[in-house]
Structures are given as C-alpha cells and as structure tokens.
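Asks: My structure is stored as model-v5.txt, with compact mmCIF, C-alpha atoms and all ligand atoms.
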# COMPACT_ATOMS: atom_id res chain seq x y z
CA MET A 224 -10.62 0.78 -14.07
CA LYS A 225 -12.70 2.24 -11.25
CA THR A 226 -12.84 5.99 -10.59
CA THR A 227 -13.12 8.08 -7.41
CA LYS A 228 -16.88 8.28 -8.08
CA ASP A 229 -17.19 4.47 -8.02
CA PHE A 230 -15.82 4.46 -4.46
CA TRP A 231 -18.47 6.96 -3.34
CA VAL A 232 -21.15 4.80 -4.96
CA MET A 233 -19.74 1.73 -3.16
CA LYS A 234 -19.98 3.58 0.16
CA ASN A 235 -23.58 4.60 -0.50
CA GLU A 236 -24.55 1.07 -1.51
CA GLY A 237 -22.79 -0.44 1.50
CA LYS A 238 -20.32 -2.41 -0.66
CA LYS A 239 -16.98 -2.77 1.10
CA ILE A 240 -13.88 -1.40 -0.65
CA VAL A 241 -10.94 -3.83 -0.79
CA MET A 242 -7.51 -2.19 -0.78
CA ILE A 243 -4.27 -4.20 -0.91
CA THR A 244 -0.76 -2.78 -0.93
CA ALA A 245 1.70 -3.78 -3.67
CA TYR A 246 5.19 -2.62 -4.51
CA ASP A 247 6.31 -4.42 -7.65
CA TYR A 248 5.17 -6.35 -10.73
CA PRO A 249 4.31 -9.73 -9.13
CA SER A 250 2.56 -8.36 -6.03
CA ALA A 251 0.49 -5.88 -8.07
CA LYS A 252 -0.40 -8.59 -10.58
CA GLN A 253 -1.64 -10.82 -7.78
CA ALA A 254 -3.58 -7.98 -6.12
CA GLU A 255 -5.29 -7.22 -9.43
CA GLN A 256 -6.06 -10.93 -10.02
CA ALA A 257 -7.48 -11.14 -6.48
CA GLY A 258 -9.90 -8.36 -7.43
CA ALA A 259 -8.63 -5.51 -5.25
CA ASP A 260 -10.69 -2.35 -5.82
CA ILE A 261 -7.65 -0.20 -5.06
CA ILE A 262 -3.92 -0.97 -4.96
CA LEU A 263 -1.86 1.14 -2.59
CA VAL A 264 1.81 1.58 -3.39
CA GLY A 265 2.48 2.38 0.26
CA ASP A 266 5.64 3.82 1.70
CA SER A 267 5.43 0.73 3.92
CA LEU A 268 7.67 -0.55 1.12
CA GLY A 269 10.46 0.91 3.26
CA ASN A 270 9.72 -1.71 5.90
CA VAL A 271 8.51 -4.75 3.99
CA VAL A 272 10.58 -4.50 0.82
CA LEU A 273 13.65 -2.39 1.62
CA GLY A 274 14.22 -3.57 5.21
CA TYR A 275 14.20 -0.16 6.97
CA ASP A 276 12.64 0.15 10.44
CA SER A 277 10.73 3.31 9.47
CA THR A 278 9.00 4.86 6.46
CA VAL A 279 10.93 8.14 6.87
CA TYR A 280 13.80 6.74 4.79
CA VAL A 281 11.61 6.21 1.73
CA THR A 282 12.36 8.72 -1.05
CA MET A 283 10.47 10.05 -4.07
CA GLU A 284 12.86 7.95 -6.20
CA ASP A 285 11.85 4.80 -4.28
CA MET A 286 8.16 5.60 -4.73
CA VAL A 287 8.54 6.27 -8.46
CA HIS A 288 10.65 3.15 -9.03
CA HIS A 289 8.20 0.84 -7.21
CA GLY A 290 5.10 2.66 -8.45
CA LYS A 291 6.11 2.09 -12.07
CA ALA A 292 6.65 -1.64 -11.45
CA ALA A 293 3.29 -1.95 -9.65
CA LYS A 294 1.53 -0.20 -12.53
CA ARG A 295 3.00 -2.67 -15.02
CA GLY A 296 1.64 -5.52 -12.87
CA ALA A 297 -1.82 -4.01 -12.44
CA PRO A 298 -2.62 -1.87 -15.50
CA ASN A 299 -6.40 -2.11 -14.89
CA THR A 300 -6.62 -1.29 -11.18
CA PHE A 301 -6.98 2.12 -9.50
CA ILE A 302 -3.57 2.80 -7.93
CA VAL A 303 -2.85 5.16 -5.04
CA ALA A 304 0.79 6.09 -4.40
CA ASP A 305 2.00 7.41 -1.03
CA MET A 306 3.55 10.87 -0.84
CA PRO A 307 6.73 9.95 1.09
CA PHE A 308 8.23 11.68 4.14
CA MET A 309 8.77 15.43 3.58
CA SER A 310 7.57 15.35 -0.03
CA CYS A 311 4.48 17.48 0.70
CA HIS A 312 5.56 19.49 3.74
CA LEU A 313 7.70 22.29 2.29
CA SER A 314 6.25 24.76 -0.20
CA ILE A 315 2.98 24.19 -2.06
CA ARG A 316 5.11 24.29 -5.21
CA ASP A 317 7.21 21.34 -3.97
CA THR A 318 4.05 19.42 -3.06
CA LEU A 319 2.58 19.98 -6.52
CA LEU A 320 5.79 19.01 -8.31
CA ASN A 321 6.13 15.82 -6.25
CA GLY A 322 2.45 14.93 -6.61
CA ALA A 323 2.59 15.50 -10.36
CA ARG A 324 5.77 13.41 -10.60
CA LEU A 325 4.16 10.46 -8.82
CA ILE A 326 1.12 10.59 -11.10
CA GLN A 327 2.96 11.24 -14.37
CA GLU A 328 5.92 8.90 -13.91
CA THR A 329 4.13 5.93 -12.31
CA GLY A 330 0.69 6.15 -13.90
CA ALA A 331 -0.98 6.05 -10.47
CA GLN A 332 -4.49 7.51 -10.26
CA ALA A 333 -4.14 9.26 -6.88
CA VAL A 334 -1.75 10.10 -4.04
CA LYS A 335 -2.07 9.61 -0.28
CA VAL A 336 -1.10 12.26 2.25
CA GLU A 337 -0.65 11.68 6.00
CA GLY A 338 -2.09 14.25 8.42
CA ALA A 339 -4.49 17.21 8.65
CA ASP A 340 -3.72 20.64 10.21
CA GLU A 341 -0.79 22.14 8.26
CA MET A 342 -1.32 19.53 5.52
CA ILE A 343 -4.76 20.92 4.61
CA PRO A 344 -3.47 23.64 2.22
CA HIS A 345 -1.30 21.02 0.51
CA ILE A 346 -4.26 18.65 0.06
CA LYS A 347 -6.33 21.53 -1.36
CA ALA A 348 -3.59 22.51 -3.79
CA LEU A 349 -3.17 18.95 -5.08
CA VAL A 350 -6.90 18.51 -5.62
CA ARG A 351 -7.25 21.90 -7.33
CA ALA A 352 -4.40 20.93 -9.64
CA GLY A 353 -6.29 17.79 -10.61
CA ILE A 354 -4.57 15.19 -8.45
CA PRO A 355 -7.01 13.02 -6.44
CA VAL A 356 -5.96 12.75 -2.79
CA VAL A 357 -6.55 10.06 -0.15
CA SER A 358 -6.06 11.39 3.39
CA HIS A 359 -4.50 9.23 6.12
CA LEU A 360 -5.23 9.88 9.81
CA GLY A 361 -4.96 8.06 13.14
CA LEU A 362 -1.58 6.41 13.45
CA THR A 363 0.50 8.15 10.80
CA PRO A 364 3.80 6.24 10.51
CA GLN A 365 5.75 9.18 9.06
CA THR A 366 5.18 11.10 12.31
CA ALA A 367 5.29 8.09 14.66
CA ALA A 368 8.42 9.50 16.31
CA VAL A 369 6.44 12.58 17.37
CA LEU A 370 3.34 10.56 18.33
CA GLY A 371 5.56 8.54 20.68
CA GLY A 372 5.64 5.25 18.80
CA PHE A 373 3.19 2.91 17.11
CA LYS A 374 0.17 3.25 19.41
CA VAL A 375 -3.59 3.29 19.00
CA GLN A 376 -4.72 6.89 18.37
CA GLY A 377 -7.91 8.68 19.49
CA LYS A 378 -8.53 6.53 22.54
CA ASP A 379 -9.53 9.36 24.87
CA GLY A 380 -12.54 11.57 24.24
CA GLU A 381 -10.55 14.72 23.56
CA ALA A 382 -8.25 13.09 21.02
CA ALA A 383 -11.28 11.46 19.38
CA ARG A 384 -13.06 14.82 19.11
CA LYS A 385 -9.94 16.39 17.54
CA MET A 386 -9.80 13.53 15.00
CA LEU A 387 -13.46 14.09 14.08
CA GLU A 388 -12.59 17.73 13.34
CA ASP A 389 -9.50 16.70 11.35
CA VAL A 390 -11.30 14.20 9.13
CA LYS A 391 -13.96 16.78 8.29
CA GLU A 392 -11.23 19.24 7.28
CA CYS A 393 -9.66 16.62 5.02
CA GLN A 394 -13.02 15.99 3.36
CA GLU A 395 -13.61 19.74 2.94
CA ALA A 396 -10.11 20.13 1.48
CA GLY A 397 -11.17 17.73 -1.27
CA ALA A 398 -9.81 14.32 -0.25
CA PHE A 399 -11.92 11.66 -2.00
CA ALA A 400 -11.24 8.94 0.58
CA LEU A 401 -9.67 8.55 4.01
CA VAL A 402 -7.43 5.87 5.44
CA LEU A 403 -7.87 5.41 9.21
CA GLU A 404 -5.04 3.55 10.91
CA CYS A 405 -5.07 2.09 14.41
CA ILE A 406 -8.05 3.79 16.05
CA PRO A 407 -10.86 2.38 18.23
CA LYS A 408 -13.64 0.81 16.17
CA GLN A 409 -16.32 3.05 17.73
CA LEU A 410 -14.46 6.18 16.61
CA ALA A 411 -13.95 4.72 13.13
CA GLN A 412 -17.68 4.01 12.92
CA GLU A 413 -18.56 7.55 14.02
CA ILE A 414 -16.16 9.01 11.43
CA SER A 415 -17.49 6.71 8.70
CA THR A 416 -21.11 7.72 9.28
CA THR A 417 -20.22 11.42 9.63
CA LEU A 418 -18.20 11.67 6.40
CA THR A 419 -19.65 11.44 2.90
CA ILE A 420 -16.31 10.18 1.49
CA PRO A 421 -15.41 6.51 2.02
CA THR A 422 -13.18 5.46 4.91
CA ILE A 423 -10.69 2.63 4.54
CA GLY A 424 -9.52 1.13 7.80
CA ILE A 425 -6.41 -0.67 8.97
CA GLY A 426 -6.73 -1.58 12.62
CA ALA A 427 -9.95 0.46 12.75
CA GLY A 428 -12.64 -2.21 13.12
CA VAL A 429 -15.28 -3.54 10.77
CA HIS A 430 -17.42 -0.41 10.34
CA THR A 431 -15.20 1.52 7.92
CA ASP A 432 -16.27 1.58 4.25
CA GLY A 433 -13.31 -0.58 3.27
CA GLN A 434 -10.22 -2.30 4.59
CA VAL A 435 -6.53 -2.20 3.71
CA LEU A 436 -3.74 -4.54 4.73
CA VAL A 437 -0.11 -4.79 3.72
CA TYR A 438 0.53 -7.51 1.11
CA HIS A 439 3.41 -9.04 3.08
CA ASP A 440 1.29 -9.17 6.26
CA ILE A 441 -1.68 -10.87 4.53
CA LEU A 442 0.65 -13.53 3.12
CA THR A 443 3.28 -13.81 5.91
CA TYR A 444 6.08 -12.96 3.51
CA GLY A 445 9.34 -11.76 5.06
CA VAL A 446 7.74 -9.90 7.97
CA ASN A 447 9.22 -10.17 11.44
CA ARG A 448 6.42 -9.20 13.79
CA ALA A 449 2.92 -8.27 12.66
CA PRO A 450 0.76 -5.83 14.66
CA LYS A 451 -2.43 -7.00 16.43
CA PHE A 452 -4.72 -5.81 13.63
CA VAL A 453 -3.06 -8.07 11.03
CA LYS A 454 -4.73 -11.31 10.03
CA ALA A 455 -2.48 -13.64 8.03
CA TYR A 456 -4.35 -15.54 5.32
CA ALA A 457 -1.42 -17.59 4.04
CA ASN A 458 2.13 -18.52 4.95
CA ALA A 459 4.26 -17.63 1.96
CA ASP A 460 7.48 -17.84 4.00
CA GLN A 461 6.93 -21.55 4.71
CA LEU A 462 6.00 -22.37 1.13
CA MET A 463 8.83 -20.37 -0.44
CA LEU A 464 11.52 -21.50 1.99
CA LYS A 465 10.56 -25.13 1.34
CA GLY A 466 10.92 -24.55 -2.42
CA LEU A 467 14.34 -22.97 -2.03
CA GLN A 468 15.58 -25.69 0.34
CA ASP A 469 14.33 -28.48 -1.96
CA TYR A 470 16.19 -26.85 -4.86
CA ALA A 471 19.42 -26.58 -2.83
CA ASP A 472 19.11 -30.22 -1.73
CA GLU A 473 18.57 -31.48 -5.29
CA VAL A 474 21.55 -29.50 -6.62
CA ARG A 475 23.80 -31.02 -3.95
CA SER A 476 22.48 -34.56 -4.55
CA MET A 477 22.62 -34.10 -8.36
CA ASN A 478 18.89 -34.82 -8.67
CA PHE A 479 18.61 -31.48 -10.45
CA PRO A 480 18.77 -31.03 -13.35
CA ASP A 481 17.37 -34.36 -14.53
CA ASP A 482 16.83 -35.28 -18.20
CA GLU A 483 13.46 -33.53 -18.23
CA HIS A 484 15.24 -30.22 -17.59
CA SER A 485 18.30 -30.83 -19.79
CA PHE A 486 19.06 -30.54 -23.53
CA THR A 487 20.58 -33.39 -25.54
CA MET A 488 22.53 -33.72 -28.78
CA LYS A 489 21.72 -36.38 -31.42
CA GLU A 490 24.05 -39.41 -31.56
CA GLU A 491 25.43 -38.55 -35.03
CA GLU A 492 26.23 -35.01 -33.92
CA LEU A 493 28.09 -36.43 -30.96
CA LYS A 494 30.30 -38.39 -33.39
CA THR A 495 31.22 -35.12 -35.09
CA LEU A 496 32.00 -33.59 -31.74
CA TYR A 497 34.34 -36.44 -30.72
CA GLY A 498 35.81 -36.71 -34.26
O1 LIG A 501 2.17 2.50 3.48
C1 LIG A 501 1.15 1.81 3.71
O2 LIG A 501 1.11 0.59 3.49
C2 LIG A 501 -0.02 2.48 4.27
C3 LIG A 501 -1.14 1.62 4.72
C4 LIG A 501 -0.78 0.92 5.98
C5 LIG A 501 -2.41 2.37 4.84
O3 LIG A 501 -0.01 3.67 4.35
NA NA A 502 1.98 4.67 4.07
Show the structure stored in the file as structure tokens.

Replies:
Amino acid sequence: MKTTKDFWVMKNEGKKIVMITAYDYPSAKQAEQAGADIILVGDSLGNVVLGYDSTVYVTMEDMVHHGKAAKRGAPNTFIVADMPFMSCHLSIRDTLLNGARLIQETGAQAVKVEGADEMIPHIKALVRAGIPVVSHLGLTPQTAAVLGGFKVQGKDGEAARKMLEDVKECQEAGAFALVLECIPKQLAQEISTTLTIPTIGIGAGVHTDGQVLVYHDILTYGVNRAPKFVKAYANADQLMLKGLQDYADEVRSMNFPDDEHSFTMKEEELKTLYG
C-alpha cells in the first residue's frame, strides 16, 4: 500500500501517478490488478453506476456503500473517496463527521474535496484531524450548475491567475494532491511546476504529475457520450452484449445447458426413481 509520501516522491522522480476510478468489488479488483497507484471512489458513480445526470444526487450513504465494496476488491491499493455534494459545506463539525465516516466505514485512505475559497477551512480541519485530503479544481461537477455547465475552466488569463492562487491555497491548507479537471494544458503545466504536491489531471494535458479517468469511460461500459478528453481503451459494451445475446439465443434454441453443464443420475438410481 502506497502512502501520501510515495506520491510526492513519484512527483519528484518524474514517475507518473496512475489513478483509476472504481465503485464496486469487480471494478476495484481490476484496477488493483492493472496496477493503479490510486483508486478513486468518485461521486461520478452517480452518473456511471446509478444513472443520474449529475453528481449532486449522490449521498453519503451511496459513497459509504460503494466505498466499502471497492475496498473489498482492492485491499492493497491507496483509495480516495469523494466527499459528496453538501457533505463538507455546512459546519466544520459536519465536515469532520462526514470525512471520518468515509474513512472509518469504507477503509479509504483519503477524501477528495471540490473547490477552494470557502472550502479552505474545511480542508484544513480535515487534515488537522488526520484525514488526508485531495483537492479538486478546474471543472468541479458538484458546482457545474453555477459554472454554467461542463466547460473548460481557466481559459482566459484572469481565470487562470485566480486558479493559480486557488491551488496554492489548497496546498497551504494541507491537501497532499490536487485533481485538475478540464483546464488548458499550459495552465495545468504551470500549476504542476508551481506546486510541490502532485497534480492529477483529467482533461488537463500531459504535463500533470498523474492522470485519472473514469473506469466506465476507459472501457466503454454503459456510458452514453464521453467528453473530448476521454480515450477509450476497450469496448466492454460490445463484448458483454455479445455474451448476453449468445446466452439468450442458446436458451431459446435449447443449446444451453448441454451435458457439460448438467448433472446426471446413475442408471440404477433412475430405476429407483421410476419404481
Ligand atoms: O468523481 C470522479 O470520478 C472524479 C474524477 C473525474 C476526478 O472526481
Ligand atoms: Na468526483
């Protein structure tokens, strides 16, 4: 199991950090087998697993339920669990209780918090209480409605300068890593060289200290439309649909189950059965 310190060492040695999302036992098991440095139990589970059109519907209960399953699938990988919508925005006490719950009930190693500004005291409180925090800036899906949709962030100079200030505040507040979502690659590079903590990009170009993609997007599994920054490395939908259709066909044609998949009784036992 890696630690927060290992990720700093990786940054300093120029070794890229591989983060993959996972939400249950099989996906986490695969991510661990694939050698992910970090597994993110993202609130993107709302979209890719639960079928919502936004992450704001994801609850603490959802995160705990899926986090536990992911942990069982990847017991030896550093797991980060997302703090869901409104779970770290009320009192510091609420933030600490929710952060502690995620860590204690799921066995995750760290939590992720979207935003800077008013989130800074919450990040500080979590870290002081002993909960490692990953910050998340750029396109922050929980506040996409306020940002005006899912758009590239920090494209103009002023917004870019504000983001540079924000990321520094997150680092000073004690975040041990930073996810940068949907920002120009030049800005991501500038942030990555300015900060001492590692940056992990999604739609942020090649110069961040690591990359993260959503499991279902990497594998083309049940997703409707993937954003521009997604590269699909497999087509699980095609493979899985073919398997299900072949099964249905063989049931209807009575080619399944054949003798290889059936149990038989001995002849003499059959005599007893028929009397
Ligand atoms: O929920 C998630 O999957 C995320 C990543 C996109 C960084 O927050
Ligand atoms: Na998320």

Asks: From the list A:Gly330, A:Gly258, A:Gly296, A:Pro421, which residue is nearest Asp229 (chain A) when using only C-alpha atoms?

Replies: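 Smallest separation from Asp229 (chain A) among the options: A:Pro421.
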
Asks: When distances are computed from all atoms listed in the file, which of A:Val369, A:Ala455, A:Ala331, A:Leu319 shows the smallest separation from Leu349 (chain A)?

Replies: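 Nearest to Leu349 (chain A): A:Leu319.
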
Asks: Within 9 Å of ligand LIG 501 (chain A), counting all atoms listed in the file: which residues, as a VMD selection string?

Replies: chain A and resid 242 to 245 263 to 270 278 304 to 305 335 to 337 359 363 to 364 402 to 404 423 to 425 435 to 438

Asks: Just how far from CA of Met306 (chain A) is CA of Tyr280 (chain A), in Å to one decimal?

Replies: 12.4 Å

Asks: List as a list in words the protein and nucleic acid residues near region 439-443 of chain A, meaning an atom at most 7 Å away when all atoms listed in the file are counted, but skip any in the same chain fewer than 5 places from it.

Replies: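 Once the adjacent positions are removed, what remains is Val271, Ala449, Val453, Lys454, Ala455, Tyr456, Ala457, Asn458, Ala459 and Asp460 of chain A.
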
Asks: Choose the residue, out of A:Met477, A:Ala323, A:Met224, A:Leu362, that has the smallest atom-to-atom separation from ligand NA 502 (chain A); count all atoms listed in the file.

Replies: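 Going through A:Met477, A:Ala323, A:Met224, A:Leu362 one by one, the smallest distance to ligand NA 502 (chain A) is for A:Leu362.
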